[in-house]
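Trainee: Data file run11.cif (mmCIF, N, CA and C atoms) is appended below.
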data_target
#
loop_
_atom_site.label_atom_id
_atom_site.label_comp_id
_atom_site.auth_asym_id
_atom_site.auth_seq_id
_atom_site.Cartn_x
_atom_site.Cartn_y
_atom_site.Cartn_z
N MET A 294 0.85 -1.17 0.00
CA MET A 294 0.00 0.00 0.00
C MET A 294 0.90 1.24 0.00
N ASN A 295 0.61 2.19 -0.88
CA ASN A 295 1.44 3.40 -0.92
C ASN A 295 0.93 4.44 0.07
N ILE A 296 1.63 5.56 0.15
CA ILE A 296 1.29 6.60 1.14
C ILE A 296 -0.08 7.20 0.88
N LYS A 297 -0.45 7.44 -0.40
CA LYS A 297 -1.76 8.02 -0.70
C LYS A 297 -2.88 7.07 -0.28
N SER A 298 -2.71 5.78 -0.53
CA SER A 298 -3.73 4.80 -0.13
C SER A 298 -3.88 4.78 1.39
N SER A 299 -2.77 4.85 2.09
CA SER A 299 -2.82 4.86 3.56
C SER A 299 -3.54 6.09 4.07
N GLN A 300 -3.28 7.24 3.47
CA GLN A 300 -3.94 8.47 3.90
C GLN A 300 -5.44 8.41 3.65
N VAL A 301 -5.83 7.85 2.50
CA VAL A 301 -7.26 7.71 2.18
C VAL A 301 -7.92 6.78 3.18
N MET A 302 -7.29 5.65 3.47
CA MET A 302 -7.86 4.68 4.42
C MET A 302 -7.98 5.31 5.82
N LEU A 303 -6.95 6.07 6.22
CA LEU A 303 -6.99 6.73 7.53
C LEU A 303 -8.11 7.75 7.57
N THR A 304 -8.28 8.53 6.50
CA THR A 304 -9.35 9.53 6.44
C THR A 304 -10.72 8.86 6.52
N ILE A 305 -10.92 7.78 5.78
CA ILE A 305 -12.20 7.05 5.81
C ILE A 305 -12.44 6.49 7.20
N GLY A 306 -11.41 5.93 7.82
CA GLY A 306 -11.55 5.37 9.18
C GLY A 306 -11.93 6.43 10.19
N VAL A 307 -11.30 7.60 10.13
CA VAL A 307 -11.62 8.69 11.05
C VAL A 307 -13.05 9.15 10.82
N PHE A 308 -13.48 9.26 9.55
CA PHE A 308 -14.84 9.67 9.23
C PHE A 308 -15.84 8.67 9.80
N LEU A 309 -15.60 7.38 9.57
CA LEU A 309 -16.53 6.35 10.06
C LEU A 309 -16.60 6.33 11.58
N MET A 310 -15.49 6.55 12.25
CA MET A 310 -15.52 6.61 13.71
C MET A 310 -16.38 7.76 14.18
N GLY A 311 -16.31 8.89 13.50
CA GLY A 311 -17.13 10.04 13.86
C GLY A 311 -18.59 9.80 13.62
N VAL A 312 -18.94 9.02 12.60
CA VAL A 312 -20.34 8.75 12.29
C VAL A 312 -20.93 7.75 13.27
N THR A 313 -20.19 6.72 13.60
CA THR A 313 -20.76 5.66 14.42
C THR A 313 -20.64 5.92 15.91
N ASN A 314 -19.66 6.67 16.34
CA ASN A 314 -19.45 6.91 17.77
C ASN A 314 -19.92 8.31 18.13
N THR A 315 -21.24 8.52 18.10
CA THR A 315 -21.79 9.85 18.35
C THR A 315 -21.72 10.23 19.82
N SER A 316 -21.88 9.30 20.72
CA SER A 316 -21.78 9.61 22.14
C SER A 316 -21.61 8.33 22.94
N ALA A 317 -20.99 8.46 24.07
CA ALA A 317 -20.80 7.31 24.95
C ALA A 317 -22.03 7.15 25.83
N ALA A 318 -22.27 5.96 26.27
CA ALA A 318 -23.40 5.71 27.16
C ALA A 318 -23.16 6.36 28.52
N LYS A 319 -24.26 6.77 29.15
CA LYS A 319 -24.17 7.41 30.46
C LYS A 319 -25.28 6.84 31.34
N THR A 320 -24.98 6.64 32.60
CA THR A 320 -25.99 6.21 33.55
C THR A 320 -26.57 7.44 34.24
N MET A 321 -27.88 7.49 34.27
CA MET A 321 -28.58 8.61 34.90
C MET A 321 -29.64 8.05 35.85
N SER A 322 -29.73 8.65 37.02
CA SER A 322 -30.77 8.30 37.98
C SER A 322 -31.93 9.27 37.82
N VAL A 323 -33.13 8.72 37.87
CA VAL A 323 -34.34 9.52 37.81
C VAL A 323 -35.06 9.35 39.14
N ARG A 324 -35.09 10.42 39.92
CA ARG A 324 -35.77 10.40 41.21
C ARG A 324 -37.21 10.87 40.99
N VAL A 325 -38.15 9.97 41.27
CA VAL A 325 -39.57 10.28 41.12
C VAL A 325 -40.09 10.69 42.49
N THR A 326 -40.66 11.89 42.57
CA THR A 326 -41.16 12.41 43.84
C THR A 326 -42.66 12.65 43.76
N ASN A 327 -43.25 12.99 44.90
CA ASN A 327 -44.68 13.32 45.01
C ASN A 327 -45.58 12.13 44.69
N ILE A 328 -45.14 10.92 45.01
CA ILE A 328 -45.94 9.72 44.76
C ILE A 328 -47.04 9.65 45.82
N ASN A 329 -48.27 9.50 45.37
CA ASN A 329 -49.41 9.36 46.27
C ASN A 329 -49.49 7.89 46.70
N THR A 330 -49.01 7.59 47.91
CA THR A 330 -48.96 6.21 48.39
C THR A 330 -50.34 5.68 48.80
N GLU A 331 -51.34 6.54 48.82
CA GLU A 331 -52.70 6.09 49.14
C GLU A 331 -53.39 5.48 47.93
N LYS A 332 -52.81 5.66 46.76
CA LYS A 332 -53.38 5.09 45.54
C LYS A 332 -52.65 3.79 45.23
N PRO A 333 -53.36 2.81 44.66
CA PRO A 333 -52.74 1.52 44.35
C PRO A 333 -51.90 1.60 43.08
N GLY A 334 -51.26 0.49 42.74
CA GLY A 334 -50.59 0.37 41.45
C GLY A 334 -49.09 0.43 41.49
N ASN A 335 -48.53 0.77 40.34
CA ASN A 335 -47.09 0.81 40.13
C ASN A 335 -46.67 2.15 39.56
N ILE A 336 -45.39 2.45 39.72
CA ILE A 336 -44.79 3.59 39.05
C ILE A 336 -44.03 3.02 37.86
N ILE A 337 -44.31 3.56 36.68
CA ILE A 337 -43.63 3.12 35.46
C ILE A 337 -42.80 4.29 34.94
N ALA A 338 -41.52 4.04 34.70
CA ALA A 338 -40.63 5.03 34.14
C ALA A 338 -40.23 4.57 32.74
N MET A 339 -40.38 5.48 31.76
CA MET A 339 -40.12 5.14 30.37
C MET A 339 -39.10 6.10 29.75
N LEU A 340 -38.10 5.54 29.10
CA LEU A 340 -37.09 6.32 28.39
C LEU A 340 -37.43 6.26 26.91
N PHE A 341 -37.57 7.44 26.29
CA PHE A 341 -37.96 7.53 24.88
C PHE A 341 -36.92 8.27 24.05
N ALA A 342 -36.79 7.88 22.78
CA ALA A 342 -36.25 8.75 21.75
C ALA A 342 -37.48 9.54 21.27
N MET A 343 -37.36 10.30 20.22
CA MET A 343 -38.50 11.10 19.77
C MET A 343 -39.67 10.22 19.33
N GLU A 344 -39.40 9.11 18.69
CA GLU A 344 -40.45 8.24 18.19
C GLU A 344 -41.30 7.68 19.33
N GLY A 345 -42.59 7.90 19.24
CA GLY A 345 -43.52 7.33 20.20
C GLY A 345 -43.77 8.15 21.44
N PHE A 346 -42.96 9.16 21.70
CA PHE A 346 -43.13 9.95 22.91
C PHE A 346 -44.37 10.82 22.80
N PRO A 347 -45.20 10.91 23.84
CA PRO A 347 -45.20 10.16 25.09
C PRO A 347 -46.26 9.07 25.14
N LYS A 348 -47.01 8.89 24.05
CA LYS A 348 -48.18 8.02 24.10
C LYS A 348 -47.93 6.55 23.79
N GLN A 349 -46.97 6.26 22.95
CA GLN A 349 -46.74 4.89 22.49
C GLN A 349 -45.75 4.18 23.41
N HIS A 350 -46.25 3.65 24.51
CA HIS A 350 -45.37 3.02 25.50
C HIS A 350 -44.58 1.86 24.92
N ASP A 351 -45.12 1.19 23.92
CA ASP A 351 -44.41 0.07 23.32
C ASP A 351 -43.20 0.52 22.52
N GLN A 352 -43.07 1.82 22.25
CA GLN A 352 -41.91 2.34 21.54
C GLN A 352 -40.85 2.91 22.48
N ALA A 353 -41.09 2.82 23.79
CA ALA A 353 -40.08 3.27 24.76
C ALA A 353 -38.83 2.42 24.59
N LEU A 354 -37.67 3.05 24.67
CA LEU A 354 -36.41 2.32 24.57
C LEU A 354 -36.19 1.45 25.79
N THR A 355 -36.59 1.97 26.95
CA THR A 355 -36.49 1.23 28.21
C THR A 355 -37.74 1.54 29.02
N LEU A 356 -38.30 0.52 29.64
CA LEU A 356 -39.47 0.67 30.50
C LEU A 356 -39.17 -0.06 31.81
N LYS A 357 -39.30 0.65 32.92
CA LYS A 357 -39.04 0.05 34.24
C LYS A 357 -40.25 0.28 35.13
N LYS A 358 -40.51 -0.70 35.99
CA LYS A 358 -41.69 -0.64 36.84
C LYS A 358 -41.34 -0.99 38.27
N GLN A 359 -41.96 -0.26 39.23
CA GLN A 359 -41.77 -0.56 40.65
C GLN A 359 -43.11 -0.43 41.37
N GLU A 360 -43.30 -1.31 42.35
CA GLU A 360 -44.47 -1.18 43.21
C GLU A 360 -44.36 0.08 44.05
N ILE A 361 -45.49 0.64 44.39
CA ILE A 361 -45.49 1.84 45.23
C ILE A 361 -45.31 1.43 46.68
N ASN A 362 -44.25 1.95 47.30
CA ASN A 362 -44.04 1.68 48.72
C ASN A 362 -43.46 2.88 49.46
N ALA A 363 -43.30 4.01 48.74
CA ALA A 363 -42.78 5.22 49.37
C ALA A 363 -43.21 6.43 48.54
N LYS A 364 -43.03 7.61 49.12
CA LYS A 364 -43.41 8.84 48.43
C LYS A 364 -42.43 9.24 47.33
N GLU A 365 -41.29 8.54 47.27
CA GLU A 365 -40.37 8.74 46.15
C GLU A 365 -39.60 7.45 45.89
N THR A 366 -39.09 7.34 44.68
CA THR A 366 -38.32 6.18 44.27
C THR A 366 -37.31 6.61 43.22
N VAL A 367 -36.34 5.75 42.94
CA VAL A 367 -35.30 6.07 41.97
C VAL A 367 -35.20 4.95 40.93
N PHE A 368 -35.10 5.37 39.67
CA PHE A 368 -34.87 4.46 38.56
C PHE A 368 -33.52 4.84 37.94
N ASP A 369 -32.71 3.84 37.58
CA ASP A 369 -31.45 4.09 36.89
C ASP A 369 -31.58 3.67 35.44
N PHE A 370 -31.16 4.56 34.55
CA PHE A 370 -31.19 4.29 33.11
C PHE A 370 -29.79 4.41 32.54
N THR A 371 -29.47 3.54 31.59
CA THR A 371 -28.27 3.69 30.79
C THR A 371 -28.72 4.31 29.48
N ILE A 372 -28.20 5.50 29.20
CA ILE A 372 -28.65 6.26 28.04
C ILE A 372 -27.52 6.35 27.04
N ASN A 373 -27.80 5.99 25.79
CA ASN A 373 -26.77 6.04 24.75
C ASN A 373 -27.26 6.74 23.49
N ILE A 374 -28.26 7.61 23.62
CA ILE A 374 -28.72 8.43 22.50
C ILE A 374 -28.57 9.89 22.89
N GLU A 375 -28.36 10.74 21.92
CA GLU A 375 -28.08 12.14 22.21
C GLU A 375 -29.29 12.88 22.78
N LYS A 376 -30.48 12.68 22.21
CA LYS A 376 -31.69 13.35 22.70
C LYS A 376 -32.66 12.30 23.21
N PHE A 377 -33.22 12.54 24.38
CA PHE A 377 -34.14 11.58 24.99
C PHE A 377 -35.13 12.33 25.88
N ALA A 378 -36.22 11.64 26.21
CA ALA A 378 -37.21 12.19 27.14
C ALA A 378 -37.68 11.06 28.04
N ILE A 379 -38.13 11.44 29.22
CA ILE A 379 -38.60 10.45 30.20
C ILE A 379 -40.02 10.78 30.59
N LYS A 380 -40.84 9.73 30.65
CA LYS A 380 -42.23 9.85 31.10
C LYS A 380 -42.39 8.95 32.32
N ILE A 381 -43.06 9.48 33.33
CA ILE A 381 -43.37 8.72 34.54
C ILE A 381 -44.89 8.59 34.62
N LEU A 382 -45.37 7.39 34.88
CA LEU A 382 -46.80 7.12 35.01
C LEU A 382 -47.08 6.41 36.32
N HIS A 383 -48.04 6.92 37.09
CA HIS A 383 -48.56 6.19 38.24
C HIS A 383 -49.70 5.35 37.69
N ASP A 384 -49.41 4.11 37.37
CA ASP A 384 -50.37 3.20 36.75
C ASP A 384 -51.23 2.55 37.83
N GLU A 385 -52.33 3.21 38.16
CA GLU A 385 -53.17 2.77 39.27
C GLU A 385 -53.89 1.45 39.00
N ASN A 386 -54.31 1.23 37.77
CA ASN A 386 -55.09 0.02 37.48
C ASN A 386 -54.27 -1.10 36.86
N GLY A 387 -52.97 -0.89 36.67
CA GLY A 387 -52.08 -1.95 36.21
C GLY A 387 -52.21 -2.33 34.74
N ASP A 388 -52.82 -1.47 33.92
CA ASP A 388 -52.98 -1.81 32.51
C ASP A 388 -51.82 -1.35 31.63
N GLY A 389 -50.86 -0.62 32.21
CA GLY A 389 -49.71 -0.17 31.45
C GLY A 389 -49.98 1.01 30.54
N LYS A 390 -51.16 1.59 30.64
CA LYS A 390 -51.55 2.72 29.80
C LYS A 390 -51.93 3.91 30.67
N THR A 391 -51.96 5.09 30.05
CA THR A 391 -52.43 6.26 30.76
C THR A 391 -53.95 6.28 30.67
N THR A 392 -54.61 5.97 31.78
CA THR A 392 -56.06 5.92 31.82
C THR A 392 -56.61 7.35 31.83
N LYS A 393 -57.67 7.56 31.05
CA LYS A 393 -58.31 8.88 30.96
C LYS A 393 -59.54 8.93 31.87
N ASN A 394 -59.95 10.15 32.23
CA ASN A 394 -61.16 10.32 33.02
C ASN A 394 -62.39 10.23 32.11
N TRP A 395 -63.54 10.61 32.60
CA TRP A 395 -64.80 10.48 31.87
C TRP A 395 -64.81 11.25 30.55
N THR A 396 -63.95 12.26 30.40
CA THR A 396 -63.91 13.03 29.15
C THR A 396 -63.25 12.25 28.02
N GLY A 397 -62.43 11.27 28.38
CA GLY A 397 -61.67 10.53 27.38
C GLY A 397 -60.44 11.29 26.90
N ILE A 398 -60.20 12.45 27.49
CA ILE A 398 -59.07 13.30 27.08
C ILE A 398 -58.09 13.52 28.22
N ILE A 399 -58.63 13.85 29.39
CA ILE A 399 -57.81 14.22 30.54
C ILE A 399 -57.38 12.96 31.30
N PRO A 400 -56.08 12.83 31.60
CA PRO A 400 -55.60 11.66 32.34
C PRO A 400 -56.22 11.57 33.74
N ALA A 401 -56.51 10.34 34.14
CA ALA A 401 -57.05 10.09 35.48
C ALA A 401 -55.95 9.62 36.42
N GLU A 402 -54.75 9.41 35.91
CA GLU A 402 -53.63 8.93 36.71
C GLU A 402 -52.52 9.97 36.72
N GLY A 403 -51.65 9.88 37.71
CA GLY A 403 -50.56 10.83 37.84
C GLY A 403 -49.49 10.64 36.77
N LEU A 404 -48.95 11.77 36.31
CA LEU A 404 -47.91 11.76 35.27
C LEU A 404 -46.79 12.73 35.63
N GLY A 405 -45.62 12.48 35.09
CA GLY A 405 -44.49 13.40 35.20
C GLY A 405 -43.62 13.25 33.96
N PHE A 406 -42.93 14.34 33.60
CA PHE A 406 -42.10 14.34 32.40
C PHE A 406 -40.77 15.02 32.69
N SER A 407 -39.77 14.63 31.93
CA SER A 407 -38.45 15.24 32.05
C SER A 407 -38.48 16.70 31.61
N ASN A 408 -37.46 17.42 32.01
CA ASN A 408 -37.26 18.82 31.64
C ASN A 408 -38.37 19.74 32.17
N GLY A 409 -39.10 19.31 33.18
CA GLY A 409 -40.15 20.13 33.76
C GLY A 409 -41.38 20.27 32.88
N ALA A 410 -41.48 19.49 31.82
CA ALA A 410 -42.62 19.58 30.92
C ALA A 410 -43.89 19.08 31.62
N THR A 411 -45.02 19.69 31.28
CA THR A 411 -46.30 19.33 31.90
C THR A 411 -47.39 19.23 30.85
N LEU A 412 -48.51 18.68 31.26
CA LEU A 412 -49.69 18.64 30.41
C LEU A 412 -50.22 20.05 30.23
N SER A 413 -50.91 20.28 29.12
CA SER A 413 -51.58 21.55 28.90
C SER A 413 -52.98 21.25 28.37
N TRP A 414 -53.73 22.28 28.09
CA TRP A 414 -55.07 22.06 27.54
C TRP A 414 -54.99 21.39 26.17
N GLN A 415 -53.82 21.42 25.54
CA GLN A 415 -53.63 20.79 24.23
C GLN A 415 -53.23 19.32 24.36
N GLY A 416 -52.95 18.87 25.58
CA GLY A 416 -52.58 17.48 25.77
C GLY A 416 -51.20 17.34 26.38
N PRO A 417 -50.55 16.18 26.13
CA PRO A 417 -49.24 15.93 26.72
C PRO A 417 -48.18 16.81 26.08
N PRO A 418 -47.05 16.98 26.76
CA PRO A 418 -45.97 17.81 26.19
C PRO A 418 -45.36 17.15 24.96
N SER A 419 -44.81 17.97 24.09
CA SER A 419 -44.10 17.47 22.92
C SER A 419 -42.72 16.98 23.34
N PHE A 420 -42.11 16.21 22.46
CA PHE A 420 -40.74 15.76 22.69
C PHE A 420 -39.82 16.97 22.82
N LYS A 421 -40.07 17.99 22.02
CA LYS A 421 -39.25 19.20 22.05
C LYS A 421 -39.25 19.84 23.43
N LYS A 422 -40.40 19.85 24.11
CA LYS A 422 -40.49 20.46 25.44
C LYS A 422 -39.89 19.57 26.53
N ALA A 423 -39.97 18.26 26.36
CA ALA A 423 -39.57 17.33 27.42
C ALA A 423 -38.16 16.78 27.25
N HIS A 424 -37.55 16.96 26.10
CA HIS A 424 -36.28 16.27 25.85
C HIS A 424 -35.11 16.88 26.62
N LEU A 425 -34.15 16.01 26.85
CA LEU A 425 -32.86 16.37 27.43
C LEU A 425 -31.80 15.90 26.45
N THR A 426 -30.59 16.42 26.58
CA THR A 426 -29.50 15.93 25.74
C THR A 426 -28.47 15.24 26.62
N LEU A 427 -27.86 14.24 26.07
CA LEU A 427 -26.86 13.49 26.81
C LEU A 427 -25.69 14.38 27.21
N ALA A 428 -25.30 15.27 26.33
CA ALA A 428 -24.17 16.15 26.62
C ALA A 428 -24.46 17.09 27.79
N GLN A 429 -25.71 17.51 27.96
CA GLN A 429 -26.07 18.45 29.02
C GLN A 429 -26.62 17.76 30.27
N SER A 430 -26.82 16.45 30.22
CA SER A 430 -27.47 15.76 31.32
C SER A 430 -26.57 15.67 32.55
N VAL A 431 -27.22 15.53 33.69
CA VAL A 431 -26.53 15.39 34.97
C VAL A 431 -26.70 13.95 35.46
N ASP A 432 -26.11 13.63 36.59
CA ASP A 432 -26.20 12.26 37.10
C ASP A 432 -27.58 11.89 37.62
N GLU A 433 -28.34 12.91 38.09
CA GLU A 433 -29.67 12.64 38.62
C GLU A 433 -30.62 13.77 38.23
N ILE A 434 -31.82 13.40 37.81
CA ILE A 434 -32.87 14.39 37.59
C ILE A 434 -34.04 14.03 38.49
N VAL A 435 -34.84 15.02 38.82
CA VAL A 435 -36.00 14.81 39.67
C VAL A 435 -37.25 15.10 38.85
N ILE A 436 -38.19 14.17 38.88
CA ILE A 436 -39.46 14.33 38.18
C ILE A 436 -40.58 14.11 39.19
N PRO A 437 -41.32 15.17 39.53
CA PRO A 437 -42.46 15.01 40.43
C PRO A 437 -43.67 14.50 39.64
N ILE A 438 -44.45 13.64 40.25
CA ILE A 438 -45.71 13.20 39.63
C ILE A 438 -46.76 14.25 39.95
N ILE A 439 -47.51 14.62 38.92
CA ILE A 439 -48.61 15.55 39.07
C ILE A 439 -49.90 14.78 38.87
N TYR A 440 -50.78 14.89 39.84
CA TYR A 440 -52.05 14.16 39.80
C TYR A 440 -53.17 15.09 39.35
N PRO A 441 -54.19 14.53 38.67
CA PRO A 441 -55.31 15.35 38.22
C PRO A 441 -56.13 15.87 39.38
#
Starting from the coordinates I provided, produce the structure as structure tokens.
Mentor:
Amino acid sequence: MNIKSSQVMLTIGVFLMGVTNTSAAKTMSVRVTNINTEKPGNIIAMLFAMEGFPKQHDQALTLKKQEINAKETVFDFTINIEKFAIKILHDENGDGKTTKNWTGIIPAEGLGFSNGATLSWQGPPSFKKAHLTLAQSVDEIVIPIIYP
């Protein structure tokens, strides 16, 4: 192999490393607060990329569940994507879905979202409002559950 071929191969290798190694994985703790221990069920924490957030639970990259036994709990996630969002659900009836009240629009169960995002009269927050970036993330975030 001559010098020009070596330089081309090195350039291609450096380019490919930059394309495939966008970010290293990071472990982040999510502290869920304001859990109403008088209500039954589980706390479900979901890690999402943009796809499926926040309604399509089956598209969550990671889904973790814990029984309610305290007013707060911690979930640990290994995150290896640059932009992500987290949804917390107090799943009172155990169906794994966000149950709505009699209107069919307003949630009947407690919810929380990353980046301080909340529900509005238009519905759940967008990924844009709830997302965090891996580069800016800290070791622990706190997400309070808000009940209807």
Trainee: For each of A:Ile337, A:Leu412, A:Ile372, A:Ala401, take the minimum atom-to-atom distance to A:Gly389, counting all atoms listed in the file, then give the residue where this is smallest.
Mentor: A:Ile337
Trainee: Considering all atoms listed in the file, return as a VMD selection string whatever protein or nucleic-acid residues lie within 8 Å of A:Gln352, sequence-local ones (same chain, fewer than 6 positions apart) excluded.
Mentor: chain A and resid 340 to 342 344 to 346
Trainee: Using backbone DSSP assignments, extract all strand (DSSP E or B) residues from stretch 295-434 of chain A; output them as a PyMOL selection string.
Mentor: chain A and resi 319-326+335-341+355-360+366-372+376-384+393+400+404-406+413+416+425-426+433-434
Trainee: Pull N, CA and C atoms from the residues just selected and write them as a tab-separated table (two decimals), keeping the file's coordinate frame.
Mentor:
chain	number	residue	atom	x	y	z
A	319	LYS	N	-24.26	6.77	29.15
A	319	LYS	CA	-24.17	7.41	30.46
A	319	LYS	C	-25.28	6.84	31.34
A	320	THR	N	-24.98	6.64	32.60
A	320	THR	CA	-25.99	6.21	33.55
A	320	THR	C	-26.57	7.44	34.24
A	321	MET	N	-27.88	7.49	34.27
A	321	MET	CA	-28.58	8.61	34.90
A	321	MET	C	-29.64	8.05	35.85
A	322	SER	N	-29.73	8.65	37.02
A	322	SER	CA	-30.77	8.30	37.98
A	322	SER	C	-31.93	9.27	37.82
A	323	VAL	N	-33.13	8.72	37.87
A	323	VAL	CA	-34.34	9.52	37.81
A	323	VAL	C	-35.06	9.35	39.14
A	324	ARG	N	-35.09	10.42	39.92
A	324	ARG	CA	-35.77	10.40	41.21
A	324	ARG	C	-37.21	10.87	40.99
A	325	VAL	N	-38.15	9.97	41.27
A	325	VAL	CA	-39.57	10.28	41.12
A	325	VAL	C	-40.09	10.69	42.49
A	326	THR	N	-40.66	11.89	42.57
A	326	THR	CA	-41.16	12.41	43.84
A	326	THR	C	-42.66	12.65	43.76
A	335	ASN	N	-48.53	0.77	40.34
A	335	ASN	CA	-47.09	0.81	40.13
A	335	ASN	C	-46.67	2.15	39.56
A	336	ILE	N	-45.39	2.45	39.72
A	336	ILE	CA	-44.79	3.59	39.05
A	336	ILE	C	-44.03	3.02	37.86
A	337	ILE	N	-44.31	3.56	36.68
A	337	ILE	CA	-43.63	3.12	35.46
A	337	ILE	C	-42.80	4.29	34.94
A	338	ALA	N	-41.52	4.04	34.70
A	338	ALA	CA	-40.63	5.03	34.14
A	338	ALA	C	-40.23	4.57	32.74
A	339	MET	N	-40.38	5.48	31.76
A	339	MET	CA	-40.12	5.14	30.37
A	339	MET	C	-39.10	6.10	29.75
A	340	LEU	N	-38.10	5.54	29.10
A	340	LEU	CA	-37.09	6.32	28.39
A	340	LEU	C	-37.43	6.26	26.91
A	341	PHE	N	-37.57	7.44	26.29
A	341	PHE	CA	-37.96	7.53	24.88
A	341	PHE	C	-36.92	8.27	24.05
A	355	THR	N	-36.59	1.97	26.95
A	355	THR	CA	-36.49	1.23	28.21
A	355	THR	C	-37.74	1.54	29.02
A	356	LEU	N	-38.30	0.52	29.64
A	356	LEU	CA	-39.47	0.67	30.50
A	356	LEU	C	-39.17	-0.06	31.81
A	357	LYS	N	-39.30	0.65	32.92
A	357	LYS	CA	-39.04	0.05	34.24
A	357	LYS	C	-40.25	0.28	35.13
A	358	LYS	N	-40.51	-0.70	35.99
A	358	LYS	CA	-41.69	-0.64	36.84
A	358	LYS	C	-41.34	-0.99	38.27
A	359	GLN	N	-41.96	-0.26	39.23
A	359	GLN	CA	-41.77	-0.56	40.65
A	359	GLN	C	-43.11	-0.43	41.37
A	360	GLU	N	-43.30	-1.31	42.35
A	360	GLU	CA	-44.47	-1.18	43.21
A	360	GLU	C	-44.36	0.08	44.05
A	366	THR	N	-39.09	7.34	44.68
A	366	THR	CA	-38.32	6.18	44.27
A	366	THR	C	-37.31	6.61	43.22
A	367	VAL	N	-36.34	5.75	42.94
A	367	VAL	CA	-35.30	6.07	41.97
A	367	VAL	C	-35.20	4.95	40.93
A	368	PHE	N	-35.10	5.37	39.67
A	368	PHE	CA	-34.87	4.46	38.56
A	368	PHE	C	-33.52	4.84	37.94
A	369	ASP	N	-32.71	3.84	37.58
A	369	ASP	CA	-31.45	4.09	36.89
A	369	ASP	C	-31.58	3.67	35.44
A	370	PHE	N	-31.16	4.56	34.55
A	370	PHE	CA	-31.19	4.29	33.11
A	370	PHE	C	-29.79	4.41	32.54
A	371	THR	N	-29.47	3.54	31.59
A	371	THR	CA	-28.27	3.69	30.79
A	371	THR	C	-28.72	4.31	29.48
A	372	ILE	N	-28.20	5.50	29.20
A	372	ILE	CA	-28.65	6.26	28.04
A	372	ILE	C	-27.52	6.35	27.04
A	376	LYS	N	-30.48	12.68	22.21
A	376	LYS	CA	-31.69	13.35	22.70
A	376	LYS	C	-32.66	12.30	23.21
A	377	PHE	N	-33.22	12.54	24.38
A	377	PHE	CA	-34.14	11.58	24.99
A	377	PHE	C	-35.13	12.33	25.88
A	378	ALA	N	-36.22	11.64	26.21
A	378	ALA	CA	-37.21	12.19	27.14
A	378	ALA	C	-37.68	11.06	28.04
A	379	ILE	N	-38.13	11.44	29.22
A	379	ILE	CA	-38.60	10.45	30.20
A	379	ILE	C	-40.02	10.78	30.59
A	380	LYS	N	-40.84	9.73	30.65
A	380	LYS	CA	-42.23	9.85	31.10
A	380	LYS	C	-42.39	8.95	32.32
A	381	ILE	N	-43.06	9.48	33.33
A	381	ILE	CA	-43.37	8.72	34.54
A	381	ILE	C	-44.89	8.59	34.62
A	382	LEU	N	-45.37	7.39	34.88
A	382	LEU	CA	-46.80	7.12	35.01
A	382	LEU	C	-47.08	6.41	36.32
A	383	HIS	N	-48.04	6.92	37.09
A	383	HIS	CA	-48.56	6.19	38.24
A	383	HIS	C	-49.70	5.35	37.69
A	384	ASP	N	-49.41	4.11	37.37
A	384	ASP	CA	-50.37	3.20	36.75
A	384	ASP	C	-51.23	2.55	37.83
A	393	LYS	N	-57.67	7.56	31.05
A	393	LYS	CA	-58.31	8.88	30.96
A	393	LYS	C	-59.54	8.93	31.87
A	400	PRO	N	-56.08	12.83	31.60
A	400	PRO	CA	-55.60	11.66	32.34
A	400	PRO	C	-56.22	11.57	33.74
A	404	LEU	N	-48.95	11.77	36.31
A	404	LEU	CA	-47.91	11.76	35.27
A	404	LEU	C	-46.79	12.73	35.63
A	405	GLY	N	-45.62	12.48	35.09
A	405	GLY	CA	-44.49	13.40	35.20
A	405	GLY	C	-43.62	13.25	33.96
A	406	PHE	N	-42.93	14.34	33.60
A	406	PHE	CA	-42.10	14.34	32.40
A	406	PHE	C	-40.77	15.02	32.69
A	413	SER	N	-50.91	20.28	29.12
A	413	SER	CA	-51.58	21.55	28.90
A	413	SER	C	-52.98	21.25	28.37
A	416	GLY	N	-52.95	18.87	25.58
A	416	GLY	CA	-52.58	17.48	25.77
A	416	GLY	C	-51.20	17.34	26.38
A	425	LEU	N	-34.15	16.01	26.85
A	425	LEU	CA	-32.86	16.37	27.43
A	425	LEU	C	-31.80	15.90	26.45
A	426	THR	N	-30.59	16.42	26.58
A	426	THR	CA	-29.50	15.93	25.74
A	426	THR	C	-28.47	15.24	26.62
A	433	GLU	N	-28.34	12.91	38.09
A	433	GLU	CA	-29.67	12.64	38.62
A	433	GLU	C	-30.62	13.77	38.23
A	434	ILE	N	-31.82	13.40	37.81
A	434	ILE	CA	-32.87	14.39	37.59
A	434	ILE	C	-34.04	14.03	38.49
Trainee: Just want the 6.5 Å neighbourhood of stretch 433-438 of chain A, counted on only N, CA and C atoms, with same-chain residues fewer than 4 positions away dropped. Output as a list of chain:residue names.
Mentor: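 The contact residues come out as A:Met321, A:Ser322, A:Val323, A:Arg324, A:Val325, A:Thr326, A:Asn327, A:Ile328, A:Gly403, A:Leu404, A:Gly405, A:Phe406, A:Ser407.
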Trainee: Just checking: using only C-alpha atoms, which residue out of A:Glu375, A:Glu331, A:Glu402, A:Asp432 ends up closest to A:Ala363?
Mentor: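 Using only C-alpha atoms, the shortest distance to A:Ala363 belongs to A:Glu331.
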Trainee: With distances taken over only N, CA and C atoms, which residue among A:Thr396, A:Glu385, A:Ile379, A:Thr426 lies nearest A:Pro347?
Mentor: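 Smallest distance to A:Pro347 is found for A:Ile379.
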Trainee: Do you have the atom C of A:Trp414-atom N of A:Lys348 distance handy?
Mentor: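 Value for the atom C of A:Trp414-atom N of A:Lys348 distance: 15.0 Å.
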Trainee: Please compute the atom C of A:Gly387-atom CA of A:Glu365 distance, one decimal, in Å.
Mentor: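 Calculated distance between atom C of A:Gly387 and atom CA of A:Glu365 is 19.8 Å.
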Trainee: For the structure provided, state which residues fall under the PyMOL selection byres ((chain A and resi 361) around 6.5), and present them as a list in words.
Mentor: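 For this structure, the PyMOL selection byres ((chain A and resi 361) around 6.5) resolves to Thr330, Gly334, Asn335, Ile336, Gln359, Glu360, Asn362 and Ala363 of chain A.
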Trainee: Provide the atom N of A:Val431 to atom N of A:Lys319 distance in Å, to one decimal place.
Mentor: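 Spanning atom N of A:Val431 to atom N of A:Lys319 is a straight-line distance of 10.3 Å.
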